[in-house]
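Below: the structure, in structure tokens.
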Amino acid sequence: MSSYRVVPSPGVAGSLTVPGDKSISHRALMLGSIATGVTEVEGFLEGEDCLASLRALEQMGVVVRRPAPGRVEIEGAGLRGLRAPSSALDLGNAGTAMRLLMGLLAPQAFDSVLVGDASLMRRPMERAAQPLRAMGARIETTGGRPPVRIVGGAQLAGGRHATAVASAQVKSALLLAGLYAQGETTVVEPAVTRDHTERMLQGFGCDVRSRNGVTVLRPPRQLGAARVVVPGDFSSAAFFIVAGCIAATAPLLVQGVGINPTRTGLLELLSRMGADLRLIHHRCNGAEPVADVEVRPSQLRGIRAPERLVPLAIDELPAFFVAAACASGETVVTGAAELRLKETDRIAVMARGLAALGIAAEMRDDGLRIEGGRFQGGVVDSAGDHRVAMSFAIAALRAEAPVEIRDVANVATSFPGFAPLARSVGLDIEERP
Ligand code: S3P
């Protein structure tokens, strides 16, 4: 089981570019596969999660070329061009791939079965299956979890669906199913979540509009192919943004980061803590806003995190907990029960890891209360969770002695090359088999 050993170093400085956005890369593959014509993707994330999506689409007959690193060309098969896979589709660790594919496969003519690794096989799938059934899908979970079995040939109807949880994955599953449905599909979310599917669908020529958490999609006759330039993943940049706040020796610049406002709740959380952050060089990659994030060393103060920011920072909360541990006073996060349903129970796994490094973290059902302090050295178990592993690698910048982080192979699901990139800005991090 591979691990990281991080030796406290003077700090971080310089500039870096993080790999492409995971959410956008999954969506580019899926929409490209059902478009008409060739979709070209630049900045594609070659992480295990997106490669699992890619292989699943190949299993359904889609031709995907990878002419250069980060470049993908998808021969769109058209809305009705996917073929029955000859075996179960294995989506590895990728919850996004599974939930989005549930929506894409529910209206197909053929049957399919979706499985994943041990973590994914424990994750809840009814949240997507239930509203899809309400559209007419014939879809079964196994006690709420994968394997997910989809019976082909269902005729879907659009309609209005209020999702029980604020989940971009569920919303996206319904919108993908809505492409094939009779009539308009309306999704009403309890809180606004990331809107990459909506933005990209528009780029593929689909009539989809959103306002205040209500999204309406009109089924198109076909989707036109598009060119997608994937920005750097804000969720990957987050580790370096926190690293800069807690341990910059000079400004740290993270370049080319997607700053879609449905993703950047962490920036507001850190600003409320007193972080010295600046967004510069604003531009657009097609439908997605991009900027460089400049971070300077900051004296952080503990805060009570506003619950409205939780869905906008959901994947960044493990890194935020590390910032909270380095802040003066206490930080309280509530309204984040969804964290318990991610690749691991991120409330429990983060609380255990913080405690292992000497930080008092009190678990709540829906969050954590963290008392700022000093990290000791020690051993942390990431429980196979990529974001937990990278968060503690950053924490080690401020530790009093080396930190060993166990079970880190899944960092490759979202951030291939994390350790060498982190070394390039000053982390003393060694990967051990
Ligand atoms: C994602 C949505 C979020 C996020 C996940 C990626 C997406 O999950 O945590 O990493 O690409 O749609 P939920 O929509 O379940 O909150």
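Following the order of the structure tokens, first chain is A, next is B, and so on, with residues numbered from 1 inside each chain and ligands from 1 in the order they appear.
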
**Asked** Can you list, as a list of chain:residue names, every protein, DNA or RNA residue that comes within 6 Å of region 25-41 of chain A when you count only C-alpha atoms, leaving out same-chain residues fewer than 5 positions away?
**Response** A:Cys50, A:Arg71, A:Val72, A:Glu73, A:Ile74, A:Glu75, A:Gly76, A:Ala77, A:Gly78, A:Leu79, A:Leu223, A:Gly224, A:Ala225, A:Ala226, A:Arg227, A:Val228, A:Val229

**Message:** Quick check for you: according to DSSP on this backbone, which residues of region 31-181 of chain A are classed as helix (DSSP H, G or I)? Reply as a PyMOL selection string.
**Reply:** chain A and resi 31-34+48-59+95-105+120-122+126-134+168-178

With region 301-312 of chain A as the partner and 7 Å as the cut-off, tabulate the residues of region 316-392 of chain A that qualify, each row holding the nearest pair of atoms and their distance in Å to one decimal, using only C-alpha atoms, sorted by chain and rising number, as CSV.
residue,atom,partner,partner_atom,distance
A:Ala324,CA,A:Gly302,CA,6.2
A:Ala327,CA,A:Arg301,CA,4.8
A:Ser328,CA,A:Arg301,CA,4.8
A:Gly329,CA,A:Gly302,CA,5.1
A:Glu330,CA,A:Gly302,CA,4.8
A:Thr331,CA,A:Gly302,CA,4.5
A:Val332,CA,A:Arg304,CA,4.7
A:Val333,CA,A:Ala305,CA,5.3
A:Thr334,CA,A:Glu307,CA,6.4
A:Gly335,CA,A:Glu307,CA,5.5
A:Ala336,CA,A:Val310,CA,6.3

Output file for the selection above: N, CA, C and O atoms, as a compact mmCIF listing (two decimals), in the first residue's frame:
# COMPACT_ATOMS: atom_id res chain seq x y z
N ALA A 324 -8.20 25.28 8.86
CA ALA A 324 -8.82 25.57 10.16
C ALA A 324 -7.89 25.14 11.30
O ALA A 324 -7.79 25.83 12.33
N ALA A 327 -5.47 27.83 11.96
CA ALA A 327 -6.01 29.15 12.29
C ALA A 327 -6.02 29.33 13.80
O ALA A 327 -6.00 28.36 14.56
N SER A 328 -6.10 30.58 14.23
CA SER A 328 -6.24 30.82 15.67
C SER A 328 -7.71 30.65 16.04
O SER A 328 -8.60 31.04 15.28
N GLY A 329 -7.97 30.05 17.18
CA GLY A 329 -9.35 29.89 17.63
C GLY A 329 -10.05 28.72 16.96
O GLY A 329 -9.42 27.90 16.30
N GLU A 330 -11.37 28.69 17.14
CA GLU A 330 -12.11 27.52 16.64
C GLU A 330 -12.83 27.80 15.33
O GLU A 330 -13.24 28.93 15.06
N THR A 331 -12.94 26.74 14.53
CA THR A 331 -13.70 26.80 13.28
C THR A 331 -14.78 25.74 13.36
O THR A 331 -14.52 24.60 13.79
N VAL A 332 -15.99 26.11 12.94
CA VAL A 332 -17.11 25.17 12.98
C VAL A 332 -17.71 25.05 11.58
O VAL A 332 -18.03 26.07 10.96
N VAL A 333 -17.82 23.83 11.11
CA VAL A 333 -18.50 23.56 9.83
C VAL A 333 -19.72 22.70 10.15
O VAL A 333 -19.59 21.65 10.80
N THR A 334 -20.89 23.15 9.70
CA THR A 334 -22.12 22.36 9.84
C THR A 334 -22.81 22.31 8.48
O THR A 334 -22.39 22.98 7.54
N GLY A 335 -23.86 21.49 8.40
CA GLY A 335 -24.60 21.40 7.13
C GLY A 335 -23.85 20.62 6.07
O GLY A 335 -24.12 20.75 4.88
N ALA A 336 -22.88 19.80 6.52
CA ALA A 336 -22.02 19.11 5.56
C ALA A 336 -22.13 17.59 5.71
O ALA A 336 -21.15 16.87 5.53

**Request:** Find the residues near ligand 1. Use a cut-off of 6 Å, count only C-alpha atoms and all ligand atoms, and write them as a ChimeraX atom specification.
**Result:** /A:23,96,167-169,314-315

Selection to disk with all heavy atoms, as a PDB file, in the first residue's frame:
ATOM      1  N   SER A  23     -14.635  17.085 -13.102  1.00  0.00           N
ATOM      2  CA  SER A  23     -16.070  17.136 -13.435  1.00  0.00           C
ATOM      3  C   SER A  23     -16.264  17.463 -14.909  1.00  0.00           C
ATOM      4  O   SER A  23     -17.091  16.851 -15.594  1.00  0.00           O
ATOM      5  CB  SER A  23     -16.754  18.229 -12.605  1.00  0.00           C
ATOM      6  OG  SER A  23     -16.749  17.887 -11.249  1.00  0.00           O
ATOM      7  N   THR A  96     -18.969  10.169  -9.832  1.00  0.00           N
ATOM      8  CA  THR A  96     -19.524  11.029 -10.883  1.00  0.00           C
ATOM      9  C   THR A  96     -19.838  10.193 -12.123  1.00  0.00           C
ATOM     10  O   THR A  96     -20.914  10.327 -12.721  1.00  0.00           O
ATOM     11  CB  THR A  96     -18.519  12.138 -11.255  1.00  0.00           C
ATOM     12  OG1 THR A  96     -18.193  12.858 -10.063  1.00  0.00           O
ATOM     13  CG2 THR A  96     -19.086  13.093 -12.272  1.00  0.00           C
ATOM     14  N   SER A 167     -27.120  17.996  -5.115  1.00  0.00           N
ATOM     15  CA  SER A 167     -26.130  17.137  -5.763  1.00  0.00           C
ATOM     16  C   SER A 167     -26.084  17.421  -7.259  1.00  0.00           C
ATOM     17  O   SER A 167     -27.072  17.222  -7.970  1.00  0.00           O
ATOM     18  CB  SER A 167     -26.477  15.661  -5.529  1.00  0.00           C
ATOM     19  OG  SER A 167     -25.751  14.858  -6.440  1.00  0.00           O
ATOM     20  N   ALA A 168     -24.923  17.880  -7.707  1.00  0.00           N
ATOM     21  CA  ALA A 168     -24.752  18.124  -9.145  1.00  0.00           C
ATOM     22  C   ALA A 168     -24.793  16.816  -9.913  1.00  0.00           C
ATOM     23  O   ALA A 168     -25.178  16.783 -11.091  1.00  0.00           O
ATOM     24  CB  ALA A 168     -23.428  18.823  -9.390  1.00  0.00           C
ATOM     25  N   GLN A 169     -24.396  15.738  -9.251  1.00  0.00           N
ATOM     26  CA  GLN A 169     -24.412  14.447  -9.950  1.00  0.00           C
ATOM     27  C   GLN A 169     -25.842  14.019 -10.238  1.00  0.00           C
ATOM     28  O   GLN A 169     -26.149  13.541 -11.331  1.00  0.00           O
ATOM     29  CB  GLN A 169     -23.682  13.403  -9.111  1.00  0.00           C
ATOM     30  CG  GLN A 169     -22.204  13.726  -8.961  1.00  0.00           C
ATOM     31  CD  GLN A 169     -21.455  12.722  -8.119  1.00  0.00           C
ATOM     32  OE1 GLN A 169     -22.053  11.826  -7.524  1.00  0.00           O
ATOM     33  NE2 GLN A 169     -20.153  12.868  -8.049  1.00  0.00           N
ATOM     34  N   ILE A 314     -17.808  21.698  -1.431  1.00  0.00           N
ATOM     35  CA  ILE A 314     -17.961  20.364  -0.835  1.00  0.00           C
ATOM     36  C   ILE A 314     -16.679  19.525  -0.952  1.00  0.00           C
ATOM     37  O   ILE A 314     -16.281  18.870   0.001  1.00  0.00           O
ATOM     38  CB  ILE A 314     -19.214  19.636  -1.419  1.00  0.00           C
ATOM     39  CG1 ILE A 314     -19.538  18.401  -0.621  1.00  0.00           C
ATOM     40  CG2 ILE A 314     -19.082  19.338  -2.908  1.00  0.00           C
ATOM     41  CD1 ILE A 314     -20.093  18.665   0.748  1.00  0.00           C
ATOM     42  N   ASP A 315     -16.014  19.581  -2.106  1.00  0.00           N
ATOM     43  CA  ASP A 315     -14.817  18.744  -2.273  1.00  0.00           C
ATOM     44  C   ASP A 315     -13.577  19.371  -1.638  1.00  0.00           C
ATOM     45  O   ASP A 315     -12.545  18.713  -1.505  1.00  0.00           O
ATOM     46  CB  ASP A 315     -14.549  18.495  -3.763  1.00  0.00           C
ATOM     47  CG  ASP A 315     -15.597  17.572  -4.367  1.00  0.00           C
ATOM     48  OD1 ASP A 315     -16.351  16.925  -3.612  1.00  0.00           O
ATOM     49  OD2 ASP A 315     -15.667  17.499  -5.609  1.00  0.00           O
TER      50      ASP A 315
END

**Asked** What is the distance between CA of Val214 (chain A) and CA of Val188 (chain A), in Å to one decimal?
**Response** 4.6 Å

**Shell of 7 Å around region 398-413 of chain A, only C-alpha atoms, local chain residues under 3 positions omitted, as a PyMOL selection string** = chain A and resi 1-8+47-49+247+374-386+389+395+416

Write a file of the just-selected residues containing N, CA and C atoms, as a CSV table (one decimal), in the first residue's frame.
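Once written, part.csv looks like this:
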chain,number,residue,atom,x,y,z
A,1,MET,N,0.9,-1.2,0.0
A,1,MET,CA,0.0,0.0,0.0
A,1,MET,C,0.9,1.2,0.0
A,2,SER,N,0.7,2.1,-1.0
A,2,SER,CA,1.7,3.2,-1.1
A,2,SER,C,1.4,4.3,-0.1
A,3,SER,N,2.5,5.1,0.1
A,3,SER,CA,2.3,6.1,1.2
A,3,SER,C,3.2,7.4,0.7
A,4,TYR,N,2.9,8.5,1.4
A,4,TYR,CA,3.7,9.6,1.3
A,4,TYR,C,4.5,9.8,2.6
A,5,ARG,N,5.7,10.3,2.5
A,5,ARG,CA,6.4,10.8,3.7
A,5,ARG,C,6.7,12.2,3.4
A,6,VAL,N,6.2,13.1,4.2
A,6,VAL,CA,6.4,14.6,4.0
A,6,VAL,C,7.2,15.1,5.2
A,7,VAL,N,8.3,15.7,4.9
A,7,VAL,CA,9.2,16.3,5.9
A,7,VAL,C,8.9,17.8,5.9
A,8,PRO,N,8.7,18.4,7.1
A,8,PRO,CA,8.4,19.8,7.2
A,8,PRO,C,9.5,20.6,6.4
A,47,GLY,N,-6.7,11.3,-15.2
A,47,GLY,CA,-6.8,10.6,-13.9
A,47,GLY,C,-7.6,9.4,-14.0
A,48,GLU,N,-7.5,8.5,-13.0
A,48,GLU,CA,-8.1,7.2,-13.1
A,48,GLU,C,-9.7,7.3,-13.3
A,49,ASP,N,-10.3,8.3,-12.6
A,49,ASP,CA,-11.7,8.4,-12.6
A,49,ASP,C,-12.2,8.7,-14.1
A,247,ALA,N,1.6,28.3,4.5
A,247,ALA,CA,3.1,28.1,4.5
A,247,ALA,C,3.8,28.8,3.3
A,374,ARG,N,-1.1,23.2,16.7
A,374,ARG,CA,0.1,22.9,16.0
A,374,ARG,C,0.1,21.4,15.6
A,375,PHE,N,0.4,21.1,14.4
A,375,PHE,CA,0.5,19.7,14.0
A,375,PHE,C,1.8,19.1,14.5
A,376,GLN,N,1.6,17.9,15.2
A,376,GLN,CA,2.8,17.1,15.5
A,376,GLN,C,3.1,16.3,14.3
A,377,GLY,N,4.2,15.6,14.3
A,377,GLY,CA,4.5,14.6,13.3
A,377,GLY,C,3.6,13.4,13.6
A,378,GLY,N,3.6,12.4,12.7
A,378,GLY,CA,2.9,11.2,13.0
A,378,GLY,C,2.5,10.4,11.7
A,379,VAL,N,1.5,9.5,11.9
A,379,VAL,CA,1.1,8.7,10.8
A,379,VAL,C,-0.4,8.9,10.7
A,380,VAL,N,-0.8,9.1,9.4
A,380,VAL,CA,-2.3,9.4,9.1
A,380,VAL,C,-2.7,8.3,8.1
A,381,ASP,N,-3.9,7.7,8.3
A,381,ASP,CA,-4.4,6.8,7.3
A,381,ASP,C,-5.5,7.6,6.5
A,382,SER,N,-5.2,7.6,5.2
A,382,SER,CA,-6.2,8.3,4.3
A,382,SER,C,-7.4,7.5,4.0
A,383,ALA,N,-7.4,6.2,4.4
A,383,ALA,CA,-8.5,5.3,4.1
A,383,ALA,C,-8.7,5.2,2.6
A,384,GLY,N,-7.7,5.5,1.8
A,384,GLY,CA,-7.9,5.3,0.3
A,384,GLY,C,-8.6,6.5,-0.3
A,385,ASP,N,-8.7,7.6,0.4
A,385,ASP,CA,-9.4,8.8,-0.1
A,385,ASP,C,-8.4,9.8,-0.6
A,386,HIS,N,-8.4,10.1,-1.9
A,386,HIS,CA,-7.5,11.0,-2.6
A,386,HIS,C,-7.4,12.4,-1.9
A,389,ALA,N,-5.8,12.3,1.5
A,389,ALA,CA,-4.3,12.1,1.4
A,389,ALA,C,-3.6,13.4,1.1
A,395,ALA,N,-0.9,19.6,5.2
A,395,ALA,CA,-0.8,19.8,6.6
A,395,ALA,C,0.6,19.7,7.1
A,416,PRO,N,-3.1,13.0,-10.9
A,416,PRO,CA,-1.9,12.3,-11.3
A,416,PRO,C,-0.7,13.4,-11.2

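Taking CA of Ala237 (chain A) and CA of Arg65 (chain A) as the two end points, the separation is 27.5 Å.
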
**Request:** Tell me which of A:Thr262, A:Ser235, A:Gln299, A:Ser424 sits closest to Asp21 (chain A), counting only C-alpha atoms.
**Result:** A:Ser235

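Across the model, the gap from CA of Ala313 (chain A) to CA of Leu253 (chain A) is 20.2 Å.
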
**Item:** Neighbour list for Gly116 (chain A) as a PyMOL selection string, cut-off 8 Å, only C-alpha atoms, skip fewer than 2 positions in-chain
**Value:** chain A and resi 90-94+114+118-121+146-147

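Closest approach to Gln130 (chain A) from the set A:Gly103, A:Gly426, A:Pro67, A:Gly152 is made by A:Gly103, with distances taken over only C-alpha atoms.
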
Taking only region 315-395 of chain A into account, list the residues labelled strand (DSSP E) by DSSP (computed from the backbone), as a PDB file with N, CA, C and O atoms, in the first residue's frame.
ATOM      1  N   GLU A 330     -11.374  28.688  17.137  1.00  0.00           N
ATOM      2  CA  GLU A 330     -12.105  27.518  16.637  1.00  0.00           C
ATOM      3  C   GLU A 330     -12.826  27.805  15.334  1.00  0.00           C
ATOM      4  O   GLU A 330     -13.239  28.928  15.056  1.00  0.00           O
ATOM      5  N   THR A 331     -12.943  26.740  14.530  1.00  0.00           N
ATOM      6  CA  THR A 331     -13.701  26.796  13.280  1.00  0.00           C
ATOM      7  C   THR A 331     -14.784  25.741  13.361  1.00  0.00           C
ATOM      8  O   THR A 331     -14.525  24.600  13.794  1.00  0.00           O
ATOM      9  N   VAL A 332     -15.991  26.113  12.941  1.00  0.00           N
ATOM     10  CA  VAL A 332     -17.108  25.165  12.981  1.00  0.00           C
ATOM     11  C   VAL A 332     -17.709  25.054  11.578  1.00  0.00           C
ATOM     12  O   VAL A 332     -18.029  26.069  10.958  1.00  0.00           O
ATOM     13  N   VAL A 333     -17.822  23.828  11.107  1.00  0.00           N
ATOM     14  CA  VAL A 333     -18.503  23.560   9.832  1.00  0.00           C
ATOM     15  C   VAL A 333     -19.721  22.700  10.146  1.00  0.00           C
ATOM     16  O   VAL A 333     -19.595  21.652  10.804  1.00  0.00           O
ATOM     17  N   ALA A 361     -10.348  17.815  17.099  1.00  0.00           N
ATOM     18  CA  ALA A 361     -11.439  17.954  16.133  1.00  0.00           C
ATOM     19  C   ALA A 361     -12.620  17.154  16.668  1.00  0.00           C
ATOM     20  O   ALA A 361     -12.512  15.952  16.893  1.00  0.00           O
ATOM     21  N   GLU A 362     -13.713  17.854  16.862  1.00  0.00           N
ATOM     22  CA  GLU A 362     -14.899  17.204  17.443  1.00  0.00           C
ATOM     23  C   GLU A 362     -15.897  16.955  16.318  1.00  0.00           C
ATOM     24  O   GLU A 362     -16.258  17.884  15.580  1.00  0.00           O
ATOM     25  N   MET A 363     -16.320  15.711  16.201  1.00  0.00           N
ATOM     26  CA  MET A 363     -17.255  15.374  15.121  1.00  0.00           C
ATOM     27  C   MET A 363     -18.673  15.780  15.473  1.00  0.00           C
ATOM     28  O   MET A 363     -19.114  15.598  16.604  1.00  0.00           O
ATOM     29  N   ARG A 364     -19.379  16.309  14.473  1.00  0.00           N
ATOM     30  CA  ARG A 364     -20.823  16.511  14.559  1.00  0.00           C
ATOM     31  C   ARG A 364     -21.424  15.600  13.500  1.00  0.00           C
ATOM     32  O   ARG A 364     -20.739  15.180  12.582  1.00  0.00           O
ATOM     33  N   GLY A 367     -20.777  17.765  10.419  1.00  0.00           N
ATOM     34  CA  GLY A 367     -19.609  18.634  10.282  1.00  0.00           C
ATOM     35  C   GLY A 367     -18.556  18.389  11.337  1.00  0.00           C
ATOM     36  O   GLY A 367     -18.490  17.315  11.947  1.00  0.00           O
ATOM     37  N   LEU A 368     -17.727  19.396  11.550  1.00  0.00           N
ATOM     38  CA  LEU A 368     -16.599  19.289  12.492  1.00  0.00           C
ATOM     39  C   LEU A 368     -16.417  20.608  13.221  1.00  0.00           C
ATOM     40  O   LEU A 368     -16.672  21.672  12.651  1.00  0.00           O
ATOM     41  N   ARG A 369     -15.959  20.514  14.466  1.00  0.00           N
ATOM     42  CA  ARG A 369     -15.478  21.696  15.186  1.00  0.00           C
ATOM     43  C   ARG A 369     -13.987  21.478  15.420  1.00  0.00           C
ATOM     44  O   ARG A 369     -13.585  20.448  15.959  1.00  0.00           O
ATOM     45  N   ILE A 370     -13.196  22.418  14.933  1.00  0.00           N
ATOM     46  CA  ILE A 370     -11.742  22.250  14.983  1.00  0.00           C
ATOM     47  C   ILE A 370     -11.137  23.388  15.791  1.00  0.00           C
ATOM     48  O   ILE A 370     -11.444  24.558  15.552  1.00  0.00           O
ATOM     49  N   GLU A 371     -10.268  23.015  16.700  1.00  0.00           N
ATOM     50  CA  GLU A 371      -9.559  24.018  17.508  1.00  0.00           C
ATOM     51  C   GLU A 371      -8.178  24.180  16.872  1.00  0.00           C
ATOM     52  O   GLU A 371      -7.428  23.201  16.748  1.00  0.00           O
ATOM     53  N   GLY A 378       3.624  12.381  12.693  1.00  0.00           N
ATOM     54  CA  GLY A 378       2.879  11.158  12.982  1.00  0.00           C
ATOM     55  C   GLY A 378       2.452  10.433  11.726  1.00  0.00           C
ATOM     56  O   GLY A 378       2.930  10.731  10.618  1.00  0.00           O
ATOM     57  N   VAL A 379       1.545   9.498  11.923  1.00  0.00           N
ATOM     58  CA  VAL A 379       1.065   8.653  10.820  1.00  0.00           C
ATOM     59  C   VAL A 379      -0.427   8.877  10.659  1.00  0.00           C
ATOM     60  O   VAL A 379      -1.179   8.831  11.629  1.00  0.00           O
ATOM     61  N   VAL A 380      -0.850   9.121   9.412  1.00  0.00           N
ATOM     62  CA  VAL A 380      -2.264   9.352   9.112  1.00  0.00           C
ATOM     63  C   VAL A 380      -2.706   8.316   8.084  1.00  0.00           C
ATOM     64  O   VAL A 380      -2.002   8.080   7.103  1.00  0.00           O
ATOM     65  N   ASP A 381      -3.887   7.748   8.299  1.00  0.00           N
ATOM     66  CA  ASP A 381      -4.442   6.806   7.326  1.00  0.00           C
ATOM     67  C   ASP A 381      -5.468   7.558   6.478  1.00  0.00           C
ATOM     68  O   ASP A 381      -6.464   8.040   7.007  1.00  0.00           O
TER      69      ASP A 381
END

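When only C-alpha atoms are used to compute distances to Pro289 (chain A), the closest of the residues A:Ala134, A:Phe320, A:Val230, A:Ile347 turns out to be A:Val230.
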
**Message:** Considering only C-alpha atoms, can you say which of A:Val113, A:Arg138, A:Val151, A:Gly213 comes closest to Thr163 (chain A)?
**Reply:** A:Gly213

**Message:** Which residue is closest to Phe44 (chain A)? Choose from A:Val64, A:Phe321, A:Ser172, A:Lys22 and count only C-alpha atoms.
**Reply:** A:Lys22

**Message:** Residues within 12 Å of Thr249 (chain A), please, as a PyMOL selection string. Count only C-alpha atoms; anything in the same chain fewer than 4 positions from it doesn't count.
**Reply:** chain A and resi 9-14+243-245+295-298+397+425-427

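Counting only C-alpha atoms and comparing A:Ile259, A:Val63, A:Ala106, A:Arg55, the residue that lies closest to Leu89 (chain A) is A:Arg55.
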